[in-house]
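Asks: Input: one structure, supplied below.
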Amino acid sequence: MPVFRWGHAWNPIRDLEREVDQLLAKVSLFHGIRFGQQYPPVNVYELDEEFLLTAELPGTRAEELEVLISNGVLTIKGRRNGPEGIADDRFRRQERPRGPWQRSLTLPDHIQEEKLAAEFTNGVLCIRLPKASATQPRQIPVTNGNPGIATVDRT
């Protein structure tokens, strides 16, 4: 394999990637090592009234999703099925992992957990995380001490 082809600077990188894929496919121990994350990446946006979390989940159906919240941790569980009727040995390249996955994210403290809402449209999961109203600082009055209460000796 030539190291460099004139006029096609990125082809050697593609060739190398193809060679590594073929090598790793032959060694079952490393099968799937190049898949990266086995769960979907998410985007989180901060809006005026809420945080908005989105995740693209191609190949997933709404009934295969589960969204849980417990102690300030949001957990998204799902399953991504492969195409029906295609055997594993027929894949020549597979970058979208199949099977069950789970993703847990710690939420900010000022979220109204009881008002979370999730919707799944066209392969995109959208979770709305309403912000809790900011608590205003409260003035605590300080009174004169009672001369009858003993003070703590700090010696």
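Starting from 1 in every chain, residues are counted up; chains themselves are A, B, ... following the order of the structure tokens, and ligands are numbered from 1 as listed.
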If you count only C-alpha atoms, which residues fall within 9 Å of Val73 of chain A, apart from same-chain ones fewer than 2 positions away, as a list in words?
Replies: Leu68, Ile69, Ser70, Asn71, Thr75, Ser104, Leu105, Thr106 and Leu107 of chain A
Asks: Can you work out which one of A:Gly72, A:Leu129, A:Gly145, A:Arg96 has the shortest atom-to-atom distance to Asp109 of chain A, counting only C-alpha atoms?
Replies: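 Ranking A:Gly72, A:Leu129, A:Gly145, A:Arg96 by distance to Asp109 of chain A, first place goes to A:Gly72.
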